[in-house]
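A.B. asks: Structure file protein.pdb (PDB, C-alpha atoms) right here:
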```pdb
ATOM      1  CA  MET A 299     -16.847 -14.592   3.242
ATOM      2  CA  LEU A 300     -15.637 -11.158   2.171
ATOM      3  CA  LEU A 301     -13.668  -9.273   4.803
ATOM      4  CA  GLN A 302     -13.623  -5.529   5.326
ATOM      5  CA  GLN A 303     -11.108  -3.343   7.122
ATOM      6  CA  ARG A 304     -12.806  -1.587  10.030
ATOM      7  CA  HIS A 305     -10.022   0.076  11.958
ATOM      8  CA  SER A 306      -9.931   3.841  12.079
ATOM      9  CA  VAL A 307      -6.865   5.932  12.790
ATOM     10  CA  GLU A 308      -6.731   9.691  13.150
ATOM     11  CA  MET A 309      -3.409  11.203  12.097
ATOM     12  CA  CYS A 310      -3.169  14.794  13.280
ATOM     13  CA  GLY A 311      -6.892  15.217  12.811
ATOM     14  CA  SER A 312      -7.183  13.636   9.351
ATOM     15  CA  ARG A 313      -9.176  10.470   8.895
ATOM     16  CA  THR A 314      -6.926   7.739   7.536
ATOM     17  CA  SER A 315      -9.115   4.677   7.793
ATOM     18  CA  PHE A 316      -9.794   2.280   4.942
ATOM     19  CA  SER A 317     -13.208   0.672   4.778
ATOM     20  CA  GLY A 318     -14.986  -1.548   2.265
ATOM     21  CA  HIS A 319     -14.194  -2.247  -1.365
ATOM     22  CA  VAL A 320     -12.228   0.204  -3.475
ATOM     23  CA  ASN A 321     -13.680   1.122  -6.848
ATOM     24  CA  HIS A 322     -11.169   0.792  -9.647
ATOM     25  CA  GLY A 323     -10.473   4.202 -11.110
ATOM     26  CA  GLY A 324     -10.739   6.038  -7.792
ATOM     27  CA  HIS A 325      -7.951   8.340  -6.722
ATOM     28  CA  ILE A 326      -6.715  10.382  -3.804
ATOM     29  CA  ARG A 327      -6.447  14.147  -4.138
ATOM     30  CA  SER A 328      -3.324  15.770  -2.771
ATOM     31  CA  ASN A 329      -1.072  18.669  -3.688
ATOM     32  CA  LYS A 330       2.052  17.063  -2.261
ATOM     33  CA  HIS A 331       4.907  15.881  -4.454
ATOM     34  CA  SER A 332       5.079  12.131  -4.730
ATOM     35  CA  SER A 333       8.199  10.021  -4.609
ATOM     36  CA  ALA A 334       6.372   7.830  -7.122
ATOM     37  CA  ILE A 335       8.102   6.564 -10.203
ATOM     38  CA  LEU A 336       6.481   7.681 -13.441
ATOM     39  CA  VAL A 337       5.589   5.108 -16.065
ATOM     40  CA  ARG A 338       4.951   6.889 -19.347
ATOM     41  CA  ASN A 339       5.669   5.537 -22.818
ATOM     42  CA  LYS A 340       7.694   2.707 -21.333
ATOM     43  CA  THR A 341       9.674   5.119 -19.150
ATOM     44  CA  ILE A 342      10.241   4.474 -15.457
ATOM     45  CA  LEU A 343      11.602   7.273 -13.319
ATOM     46  CA  GLY A 344      12.340   7.359  -9.613
ATOM     47  CA  ALA A 345      14.715   6.453  -6.815
ATOM     48  CA  THR A 346      15.793   3.272  -8.577
ATOM     49  CA  GLY A 347      16.622   4.873 -11.914
ATOM     50  CA  LEU A 348      15.191   5.699 -15.314
ATOM     51  CA  VAL A 349      14.932   3.049 -18.009
ATOM     52  CA  GLN A 350      14.481   4.439 -21.514
ATOM     53  CA  GLY A 351      15.551   2.749 -24.708
ATOM     54  CA  SER A 352      19.018   1.227 -24.454
ATOM     55  CA  LYS A 353      20.323   3.618 -21.801
ATOM     56  CA  LYS A 354      20.100   3.304 -18.061
ATOM     57  CA  TYR A 355      19.994   6.442 -15.936
ATOM     58  CA  THR A 356      20.836   6.505 -12.264
ATOM     59  CA  VAL A 357      18.810   8.910 -10.160
ATOM     60  CA  GLN A 358      20.387  10.185  -6.983
ATOM     61  CA  GLY A 359      18.552  12.021  -4.255
ATOM     62  CA  THR A 360      16.832  11.738  -0.915
ATOM     63  CA  SER A 361      13.232  11.607   0.183
ATOM     64  CA  SER A 362      11.960  12.440   3.659
ATOM     65  CA  SER A 363      10.025  10.082   5.917
ATOM     66  CA  ARG A 364       6.934  12.014   4.841
ATOM     67  CA  GLY A 365       7.357  10.822   1.261
ATOM     68  CA  GLN A 366       8.206  14.240  -0.188
ATOM     69  CA  ARG A 367      10.704  14.097  -3.028
ATOM     70  CA  SER A 368      13.864  16.142  -2.924
ATOM     71  CA  VAL A 369      15.930  17.273  -5.920
ATOM     72  CA  TRP A 370      17.088  14.403  -8.118
ATOM     73  CA  ARG A 371      20.287  14.319 -10.151
ATOM     74  CA  ILE A 372      20.097  12.094 -13.230
ATOM     75  CA  SER A 373      23.227  10.770 -14.924
ATOM     76  CA  ALA A 374      23.608   8.443 -17.916
ATOM     77  CA  GLN A 375      24.890   4.917 -17.385
ATOM     78  CA  ASN A 376      25.544   2.074 -19.806
ATOM     79  CA  PRO A 377      23.396  -1.039 -19.295
ATOM     80  CA  GLU A 378      26.454  -3.249 -18.987
ATOM     81  CA  ASP A 379      27.690  -1.205 -16.039
ATOM     82  CA  GLY A 380      24.908  -2.651 -13.906
ATOM     83  CA  ASP A 381      22.616  -1.019 -11.395
ATOM     84  CA  PRO A 382      24.205  -0.516  -7.978
ATOM     85  CA  SER A 383      20.765  -0.243  -6.363
ATOM     86  CA  SER A 384      19.694  -3.777  -7.292
ATOM     87  CA  SER A 385      21.033  -7.304  -7.525
ATOM     88  CA  SER A 386      21.279  -9.060 -10.877
ATOM     89  CA  LYS A 387      20.482 -12.308  -9.072
ATOM     90  CA  ALA A 388      17.080 -11.109  -7.893
ATOM     91  CA  ALA A 389      14.128 -13.143  -9.193
ATOM     92  CA  GLN A 390      12.237 -11.500 -12.060
ATOM     93  CA  GLU A 391       9.069 -12.313 -13.994
ATOM     94  CA  ASN A 392       6.348 -10.669 -16.059
ATOM     95  CA  LEU A 393       3.375  -9.694 -13.917
ATOM     96  CA  PRO A 394       0.023  -8.020 -14.673
ATOM     97  CA  ILE A 395      -0.119  -4.719 -12.788
ATOM     98  CA  PHE A 396      -3.314  -3.225 -11.390
ATOM     99  CA  PRO A 397      -2.835   0.565 -11.008
ATOM    100  CA  LEU A 398      -4.992   2.277  -8.397
ATOM    101  CA  GLY A 399      -5.011   5.385  -6.227
ATOM    102  CA  ILE A 400      -4.268   3.470  -3.041
ATOM    103  CA  VAL A 401      -1.100   1.810  -1.751
ATOM    104  CA  ALA A 402      -1.239  -1.950  -1.208
ATOM    105  CA  LEU A 403       1.168  -3.351   1.368
ATOM    106  CA  PRO A 404       2.364  -6.812   2.405
ATOM    107  CA  ALA A 405       0.553  -8.574   5.271
ATOM    108  CA  SER A 406      -2.510  -6.385   4.680
ATOM    109  CA  GLN A 407      -5.975  -6.845   3.251
ATOM    110  CA  CYS A 408      -6.863  -5.035   0.028
ATOM    111  CA  PRO A 409     -10.475  -5.531  -1.137
ATOM    112  CA  LEU A 410     -11.291  -4.498  -4.704
ATOM    113  CA  HIS A 411     -14.451  -3.845  -6.700
ATOM    114  CA  ILE A 412     -13.893  -4.759 -10.359
ATOM    115  CA  PHE A 413     -16.240  -3.550 -13.063
ATOM    116  CA  GLU A 414     -14.185  -2.562 -16.148
ATOM    117  CA  ALA A 415     -14.420  -5.221 -18.873
ATOM    118  CA  ARG A 416     -10.655  -5.554 -19.349
ATOM    119  CA  TYR A 417     -10.099  -6.091 -15.617
ATOM    120  CA  ARG A 418     -12.963  -8.556 -15.411
ATOM    121  CA  VAL A 419     -11.067 -10.530 -18.056
ATOM    122  CA  LEU A 420      -7.831 -10.207 -16.045
ATOM    123  CA  PHE A 421      -9.347 -11.382 -12.770
ATOM    124  CA  SER A 422     -11.350 -14.140 -14.425
ATOM    125  CA  THR A 423      -8.072 -15.372 -15.922
ATOM    126  CA  LEU A 424      -6.311 -15.171 -12.552
ATOM    127  CA  LEU A 425      -9.173 -17.164 -11.003
ATOM    128  CA  ASP A 426      -9.492 -19.738 -13.789
ATOM    129  CA  GLY A 427     -10.780 -23.005 -12.381
ATOM    130  CA  ASP A 428     -12.576 -21.451  -9.419
ATOM    131  CA  GLU A 429     -16.308 -21.920  -8.935
ATOM    132  CA  GLY A 430     -18.394 -19.018 -10.201
ATOM    133  CA  VAL A 431     -15.798 -17.724 -12.668
ATOM    134  CA  ASP A 432     -17.060 -17.028 -16.196
ATOM    135  CA  ALA A 433     -14.937 -19.318 -18.380
ATOM    136  CA  GLY A 434     -15.808 -17.176 -21.394
ATOM    137  CA  LEU A 435     -13.762 -14.313 -19.931
ATOM    138  CA  VAL A 436     -10.621 -16.399 -19.324
ATOM    139  CA  SER A 437      -7.588 -15.732 -21.542
ATOM    140  CA  PRO A 438      -6.143 -19.242 -22.020
ATOM    141  CA  ASP A 439      -2.730 -18.127 -23.300
ATOM    142  CA  LYS A 440      -1.714 -15.983 -20.315
ATOM    143  CA  PRO A 441       1.059 -17.329 -18.052
ATOM    144  CA  TRP A 442      -0.740 -16.024 -14.956
ATOM    145  CA  ARG A 443      -3.862 -18.060 -15.720
ATOM    146  CA  GLY A 444      -5.123 -19.587 -12.465
ATOM    147  CA  THR A 445      -2.234 -18.211 -10.352
ATOM    148  CA  ARG A 446      -4.397 -15.841  -8.243
ATOM    149  CA  ARG A 447      -1.398 -13.473  -8.116
ATOM    150  CA  PHE A 448      -1.023  -9.971  -9.566
ATOM    151  CA  GLY A 449       0.847  -6.779  -8.840
ATOM    152  CA  MET A 450      -0.623  -3.551  -7.537
ATOM    153  CA  ALA A 451       1.096  -0.176  -7.714
ATOM    154  CA  TYR A 452       0.019   3.259  -6.549
ATOM    155  CA  TYR A 453      -1.202   5.519  -9.346
ATOM    156  CA  ASP A 454      -0.940   9.251  -8.699
ATOM    157  CA  GLN A 455      -3.585  10.812 -10.942
ATOM    158  CA  GLN A 456      -2.371  14.375 -10.392
ATOM    159  CA  ALA A 457       1.202  13.521 -11.330
ATOM    160  CA  GLY A 458       0.044  11.112 -14.018
ATOM    161  CA  GLY A 459       2.517   8.522 -12.795
ATOM    162  CA  LEU A 460       2.738   5.026 -11.351
ATOM    163  CA  ALA A 461       4.974   4.031  -8.442
ATOM    164  CA  SER A 462       7.627   1.546  -9.500
ATOM    165  CA  ILE A 463       7.624  -0.134  -6.082
ATOM    166  CA  GLY A 464       4.466  -2.131  -5.500
ATOM    167  CA  THR A 465       3.093  -5.228  -3.809
ATOM    168  CA  VAL A 466       2.153  -8.660  -5.094
ATOM    169  CA  LEU A 467      -1.421  -9.449  -4.049
ATOM    170  CA  GLU A 468      -2.895 -12.918  -3.727
ATOM    171  CA  ILE A 469      -6.633 -13.453  -4.159
ATOM    172  CA  GLU A 470      -8.179 -15.030  -1.057
ATOM    173  CA  ALA A 471     -11.896 -14.859  -1.872
ATOM    174  CA  HIS A 472     -14.164 -13.568  -4.602
ATOM    175  CA  SER A 473     -17.779 -13.254  -5.662
ATOM    176  CA  THR A 474     -19.513 -12.161  -8.847
ATOM    177  CA  MET A 475     -22.603  -9.979  -8.842
ATOM    178  CA  GLU A 476     -25.565 -10.468 -11.181
ATOM    179  CA  ASP A 477     -24.393  -7.680 -13.505
ATOM    180  CA  GLY A 478     -20.904  -9.205 -13.810
ATOM    181  CA  ARG A 479     -19.078  -6.959 -11.368
ATOM    182  CA  MET A 480     -16.593  -8.749  -9.139
ATOM    183  CA  LEU A 481     -15.728  -8.333  -5.465
ATOM    184  CA  ILE A 482     -12.192  -9.525  -4.829
ATOM    185  CA  GLU A 483     -10.512 -10.031  -1.438
ATOM    186  CA  ASN A 484      -6.726  -9.897  -1.575
ATOM    187  CA  VAL A 485      -3.810 -10.032   0.826
ATOM    188  CA  GLY A 486      -0.398  -8.439   0.260
ATOM    189  CA  LYS A 487       2.481 -10.882  -0.059
ATOM    190  CA  GLN A 488       5.734  -9.453  -1.404
ATOM    191  CA  ARG A 489       7.217  -6.189  -2.637
ATOM    192  CA  PHE A 490       8.452  -5.743  -6.192
ATOM    193  CA  LYS A 491      10.182  -3.147  -8.352
ATOM    194  CA  ILE A 492       9.109  -2.469 -11.935
ATOM    195  CA  VAL A 493      12.148  -2.736 -14.183
ATOM    196  CA  ASP A 494      10.450  -2.511 -17.582
ATOM    197  CA  VAL A 495       7.064  -2.175 -19.246
ATOM    198  CA  VAL A 496       6.212  -5.231 -21.376
ATOM    199  CA  GLU A 497       2.649  -4.425 -22.463
ATOM    200  CA  GLU A 498       0.418  -1.404 -21.966
ATOM    201  CA  LYS A 499      -2.908  -2.692 -23.347
ATOM    202  CA  PRO A 500      -5.388  -4.113 -22.645
ATOM    203  CA  VAL A 501      -3.841  -4.190 -19.171
ATOM    204  CA  LEU A 502      -0.417  -3.134 -17.958
ATOM    205  CA  VAL A 503       2.143  -5.946 -17.846
ATOM    206  CA  CYS A 504       5.595  -5.262 -16.422
ATOM    207  CA  ARG A 505       8.839  -7.038 -15.850
ATOM    208  CA  VAL A 506       9.266  -6.959 -12.074
ATOM    209  CA  GLU A 507      12.051  -7.767  -9.679
ATOM    210  CA  TYR A 508      11.126  -9.100  -6.262
ATOM    211  CA  LEU A 509      12.546  -7.220  -3.303
ATOM    212  CA  ASP A 510      13.775  -8.695  -0.032
ATOM    213  CA  ASP A 511      13.675  -6.828   3.256
ATOM    214  CA  GLU A 512      16.764  -6.337   5.339
ATOM    215  CA  GLU A 513      16.893  -8.964   8.058
ATOM    216  CA  ASP A 514      16.082  -6.798  11.063
ATOM    217  CA  ILE A 515      15.850  -9.289  13.892
ATOM    218  CA  GLY A 516      16.703  -9.130  17.562
ATOM    219  CA  ASP A 517      15.431  -7.761  20.841
ATOM    220  CA  ASP A 518      15.623  -4.115  19.749
ATOM    221  CA  VAL A 519      13.342  -4.572  16.743
ATOM    222  CA  THR A 520      10.963  -6.778  18.728
ATOM    223  CA  ALA A 521      10.734  -4.157  21.482
ATOM    224  CA  LEU A 522      10.176  -1.412  18.890
ATOM    225  CA  GLY A 523       7.369  -3.448  17.367
ATOM    226  CA  ARG A 524       5.694  -3.719  20.783
ATOM    227  CA  GLU A 525       5.999   0.058  21.227
ATOM    228  CA  VAL A 526       4.315   0.681  17.884
ATOM    229  CA  ALA A 527       1.559  -1.825  18.718
ATOM    230  CA  ASP A 528       0.893  -0.135  22.072
ATOM    231  CA  LEU A 529       0.860   3.318  20.483
ATOM    232  CA  PHE A 530      -1.566   2.118  17.846
ATOM    233  CA  LYS A 531      -3.938   0.787  20.513
ATOM    234  CA  ASP A 532      -3.686   4.063  22.449
ATOM    235  CA  VAL A 533      -4.499   6.084  19.317
ATOM    236  CA  VAL A 534      -7.528   3.939  18.464
ATOM    237  CA  LYS A 535      -8.845   4.005  22.037
ATOM    238  CA  LEU A 536      -8.452   7.764  22.418
ATOM    239  CA  SER A 537      -9.989   8.418  18.999
ATOM    240  CA  THR A 538     -12.923   6.188  19.948
ATOM    241  CA  LYS A 539     -13.315   8.032  23.250
ATOM    242  CA  ILE A 540     -13.350  11.446  21.556
ATOM    243  CA  LYS A 541     -16.014  10.294  19.094
ATOM    244  CA  ASP A 542     -17.935   8.529  21.845
ATOM    245  CA  ALA A 543     -18.159   5.568  19.495
ATOM    246  CA  ASP A 544     -19.307   2.078  20.396
ATOM    247  CA  VAL A 545     -16.892  -0.357  18.745
ATOM    248  CA  ASP A 546     -16.199  -4.065  18.979
ATOM    249  CA  GLU A 547     -13.331  -5.352  21.059
ATOM    250  CA  ASP A 548     -11.525  -6.657  17.976
ATOM    251  CA  VAL A 549     -11.277  -3.075  16.737
ATOM    252  CA  LEU A 550      -9.736  -1.858  19.993
ATOM    253  CA  GLU A 551      -7.500  -4.937  20.278
ATOM    254  CA  PRO A 552      -6.920  -6.228  16.724
ATOM    255  CA  LYS A 553      -5.416  -9.695  16.640
ATOM    256  CA  GLU A 554      -2.697  -8.554  14.230
ATOM    257  CA  LEU A 555      -0.986  -6.667  17.051
ATOM    258  CA  GLN A 556      -0.407  -9.989  18.792
ATOM    259  CA  THR A 557       0.123 -12.375  15.892
ATOM    260  CA  LEU A 558       2.330 -10.452  13.438
ATOM    261  CA  GLY A 559       6.095 -10.271  13.689
ATOM    262  CA  PRO A 560       7.908  -6.907  13.442
ATOM    263  CA  ARG A 561       8.205  -6.951   9.621
ATOM    264  CA  ASP A 562       4.571  -7.777   8.903
ATOM    265  CA  LEU A 563       3.391  -5.520  11.734
ATOM    266  CA  SER A 564       5.221  -2.557  10.192
ATOM    267  CA  PHE A 565       3.398  -3.098   6.888
ATOM    268  CA  TRP A 566       0.020  -3.764   8.532
ATOM    269  CA  VAL A 567       0.168  -0.548  10.554
ATOM    270  CA  ALA A 568       1.187   1.380   7.415
ATOM    271  CA  SER A 569      -1.858  -0.008   5.607
ATOM    272  CA  LEU A 570      -4.105   1.876   8.044
ATOM    273  CA  PHE A 571      -2.685   5.261   7.004
ATOM    274  CA  ALA A 572      -4.831   5.065   3.880
ATOM    275  CA  GLY A 573      -5.514   8.799   3.783
ATOM    276  CA  SER A 574      -1.778   9.443   3.486
ATOM    277  CA  PRO A 575      -0.650   7.607   0.343
ATOM    278  CA  TYR A 576       2.747   9.332   0.176
ATOM    279  CA  ASN A 577       3.555   8.231   3.718
ATOM    280  CA  GLN A 578       2.428   4.741   2.801
ATOM    281  CA  GLN A 579       4.514   4.665  -0.385
ATOM    282  CA  ALA A 580       7.589   5.852   1.505
ATOM    283  CA  LEU A 581       7.074   3.076   4.077
ATOM    284  CA  LEU A 582       6.580   0.509   1.324
ATOM    285  CA  GLU A 583       9.829   1.560  -0.346
ATOM    286  CA  GLU A 584      11.778   1.338   2.934
ATOM    287  CA  ASN A 585      13.851  -1.854   3.047
ATOM    288  CA  SER A 586      14.487  -1.817   6.790
ATOM    289  CA  THR A 587      11.843  -3.067   9.222
ATOM    290  CA  GLN A 588      13.452  -1.072  11.994
ATOM    291  CA  LYS A 589      13.316   2.185  10.032
ATOM    292  CA  ARG A 590       9.668   1.569   9.080
ATOM    293  CA  LEU A 591       8.782   1.021  12.722
ATOM    294  CA  GLU A 592      10.717   4.121  13.775
ATOM    295  CA  ILE A 593       8.774   6.255  11.265
ATOM    296  CA  GLU A 594       5.470   4.775  12.416
ATOM    297  CA  LYS A 595       6.377   5.343  16.050
ATOM    298  CA  GLU A 596       6.964   9.028  15.322
ATOM    299  CA  LEU A 597       3.717   9.346  13.351
ATOM    300  CA  LEU A 598       1.677   7.631  16.058
ATOM    301  CA  GLU A 599       3.311   9.631  18.860
ATOM    302  CA  ASN A 600       2.464  12.891  17.085
ATOM    303  CA  THR A 601      -1.073  11.682  16.445
ATOM    304  CA  LEU A 602      -1.475  10.712  20.093
ATOM    305  CA  LYS A 603      -0.310  14.172  21.194
ATOM    306  CA  TYR A 604      -2.813  15.800  18.859
ATOM    307  CA  LEU A 605      -5.665  13.608  20.065
ATOM    308  CA  SER A 606      -4.709  14.171  23.709
ATOM    309  CA  ALA A 607      -4.891  17.923  23.171
ATOM    310  CA  GLN A 608      -8.205  17.538  21.378
ATOM    311  CA  SER A 609      -9.569  15.405  24.220
ATOM    312  CA  ALA A 610      -8.439  17.923  26.843
ATOM    313  CA  LEU A 611     -10.059  20.761  24.910
ATOM    314  CA  GLN A 612     -13.254  18.750  24.543
ATOM    315  CA  SER A 613     -13.311  18.074  28.295
ATOM    316  CA  ALA A 614     -12.734  21.751  29.076
ATOM    317  CA  PHE A 615     -15.702  22.791  26.932
ATOM    318  CA  THR A 616     -17.857  20.113  28.549
ATOM    319  CA  ASP A 617     -16.938  21.324  32.049
ATOM    320  CA  THR A 618     -17.648  24.951  31.070
ATOM    321  CA  ASN A 619     -21.063  24.075  29.667
ATOM    322  CA  GLU A 620     -21.973  22.098  32.782
ATOM    323  CA  SER A 621     -20.950  25.051  35.000
ATOM    324  CA  ASP A 622     -23.029  27.480  32.953
ATOM    325  CA  SER A 623     -26.086  25.281  33.254
TER     326      SER A 623
END
```
For this file, write the structure as structure tokens.
C.D. replies:
Amino acid sequence: MLLQQRHSVEMCGSRTSFSGHVNHGGHIRSNKHSSAILVRNKTILGATGLVQGSKKYTVQGTSSSRGQRSVWRISAQNPEDGDPSSSSKAAQENLPIFPLGIVALPASQCPLHIFEARYRVLFSTLLDGDEGVDAGLVSPDKPWRGTRRFGMAYYDQQAGGLASIGTVLEIEAHSTMEDGRMLIENVGKQRFKIVDVVEEKPVLVCRVEYLDDEEDIGDDVTALGREVADLFKDVVKLSTKIKDADVDEDVLEPKELQTLGPRDLSFWVASLFAGSPYNQQALLEENSTQKRLEIEKELLENTLKYLSAQSALQSAFTDTNESDS
């Protein structure tokens, strides 16, 4: 059965819900500056450095919790000097990358609607051996044949760039329509960093390095996670009240708020800010669970204040209208 995200969050008055299947090729319009890493002609630029030819460039700078990029300083560095921002012992492999104008996150659902021929070949290859998969579209020589795993990275169409930090997705369910289009249900598993571009056509293949989160454990992080969960519920309930919407209990009290630990909860909550891709990308790039939760707490608190003011104003107008009548 294909699942669909149904939660709706209002962030300072802007709808940030994610619903249904995302069409490949869609994008999000924004005039903000992205902290995304650009991948052009085998060039990767961003917070983790620029790889071009035989030289390695270190990029220094800061980005705010809102995902807006500050001024970067780029300096040349020899490859043998190493990269202080990463570990040489980190696991690496070649991975097919699916670029799209949304941010996929670990512990979160990411449904996709596949219709381009080259991506139908990719996903048929990933699903090789599954019932209903067209064997004629499977590429038998690909190392990811039958693995059900691929990478997804945020593509900023305005900037013409691809974020170098993305998420490995695992296919959970799929179906093929009569005209060959595919509906794919995926769940986010692990973050990665693009370190090099291996192939550009027919689909993007990159050398990726898997990223580990900082081990933020303890009572403080657990308590912070509960705060974020409670704020999220308050935001959803107040938003529902303002819209006078009739919603199911599992929308008001999603099971994820009870079942996910602090790390996965921080990513799951971030996945619901789908109208704010730069916020999402900044949260994805954050290594610390505690810092992610702190950012989300601030965002949700501000949203709750906005909705509370909106609710009070709505009530005032209602009372005035009733008095006039």
A.B. asks: Any idea what the distance is between CA of Val485 (chain A) and CA of His472 (chain A)?
C.D. replies: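 About the pair CA of Val485 (chain A) and CA of His472 (chain A): they are 12.2 Å apart.
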A.B. asks: For the file shown, report as a list in words the outcome of the PyMOL selection byres ((chain A and resi 467) around 8) at residue level.
C.D. replies: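 Checking the PyMOL selection byres ((chain A and resi 467) around 8) against this file, the residues are Pro404, Arg447, Phe448, Gly449, Met450, Thr465, Val466, Glu468, Ile469, Asn484, Val485, Gly486, Lys487 and Gln488 of chain A.
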A.B. asks: With the file shown as input, list the residues that the PyMOL selection byres ((chain A and resi 389) around 7) selects, as a list in words.
C.D. replies: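 Output of the PyMOL selection byres ((chain A and resi 389) around 7): Lys387, Ala388, Gln390, Glu507 and Tyr508 of chain A.
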A.B. asks: Which one is closest to Cys504 (chain A): A:Met475, A:Ala572, A:Val549, A:Ala451? Count all atoms listed in the file.
C.D. replies: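 Among the listed residues, the smallest separation from Cys504 (chain A) belongs to A:Ala451.
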A.B. asks: For Ser586 (chain A), which of A:Thr601, A:Ser564, A:Ser406, A:Ser537 is the closest residue, counting all atoms listed in the file?
C.D. replies: A:Ser564
A.B. asks: Expressed in Å to a single decimal, how great is the separation between CA of Leu582 (chain A) and CA of Ala471 (chain A)?
C.D. replies: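 A separation of 24.2 Å between them.
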A.B. asks: What is the distance, in Å and to one decimal place, between CA of Ile400 (chain A) and CA of Tyr452 (chain A)?
C.D. replies: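 Separation of CA of Ile400 (chain A) and CA of Tyr452 (chain A): 5.5 Å.
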A.B. asks: Of the residues A:Asp514, A:Glu525, A:Glu599, A:Glu547, which is the one nearest to Thr587 (chain A), using all atoms listed in the file?
C.D. replies: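 Of the candidates, the smallest distance to Thr587 (chain A) is held by A:Asp514.
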A.B. asks: Within 10 Å of Val496 (chain A), counting all atoms listed in the file, which residues qualify if same-chain residues fewer than 4 places away don't, as a list in words?
C.D. replies: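 Counting all atoms listed in the file, the residues come to Lys340, Asn392, Leu393, Pro394, Leu502, Val503, Cys504, Arg505 and Val506 of chain A.
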A.B. asks: Would you export the selected residues with C-alpha atoms as a short mmCIF file (atom, residue, chain, number, x, y, z; two decimals), in the frame of the given file, please?
C.D. replies:
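Wrote part_9.cif, looks like this:
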```
data_model
loop_
_atom_site.label_atom_id
_atom_site.label_comp_id
_atom_site.auth_asym_id
_atom_site.auth_seq_id
_atom_site.Cartn_x
_atom_site.Cartn_y
_atom_site.Cartn_z
CA LYS A 340 7.69 2.71 -21.33
CA ASN A 392 6.35 -10.67 -16.06
CA LEU A 393 3.38 -9.69 -13.92
CA PRO A 394 0.02 -8.02 -14.67
CA LEU A 502 -0.42 -3.13 -17.96
CA VAL A 503 2.14 -5.95 -17.85
CA CYS A 504 5.60 -5.26 -16.42
CA ARG A 505 8.84 -7.04 -15.85
CA VAL A 506 9.27 -6.96 -12.07
#
```
A.B. asks: Restricting the calculation to only C-alpha atoms, which member of A:Ala405, A:Leu611, A:Leu481, A:Leu581 is positioned closest to Glu554 (chain A)?
C.D. replies: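 Using only C-alpha atoms, the shortest distance to Glu554 (chain A) belongs to A:Ala405.
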A.B. asks: Rank A:Phe530, A:Phe565, A:Glu583, A:Ser574 by their smallest atom-to-atom distance to Leu602 (chain A), using only C-alpha atoms, and report the top residue only.
C.D. replies: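 For Leu602 (chain A), the nearest of the candidates is A:Phe530.
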A.B. asks: Running the PyMOL selection byres ((chain A and resi 423-435) around 9) on this model by hand, what would come out? Give it as number ranges by chain.
C.D. replies: A: 418-422, 436-438, 440, 442-448, 469, 472-474
A.B. asks: Using only C-alpha atoms, which of A:Leu460, A:Ile540, A:Leu598, A:Ile482 sits nearest Leu398 (chain A)?
C.D. replies: A:Leu460
A.B. asks: So that I can check the surroundings of region 559-563 of chain A, please list as a PyMOL selection string every protein, DNA and RNA residue that reaches within 9 Å of it, counting all atoms listed in the file and ignoring chain neighbours fewer than 3 positions away.
C.D. replies: chain A and resi 404-406+511+514-515+519-524+526-527+554-556+566-568+586-588+590-591
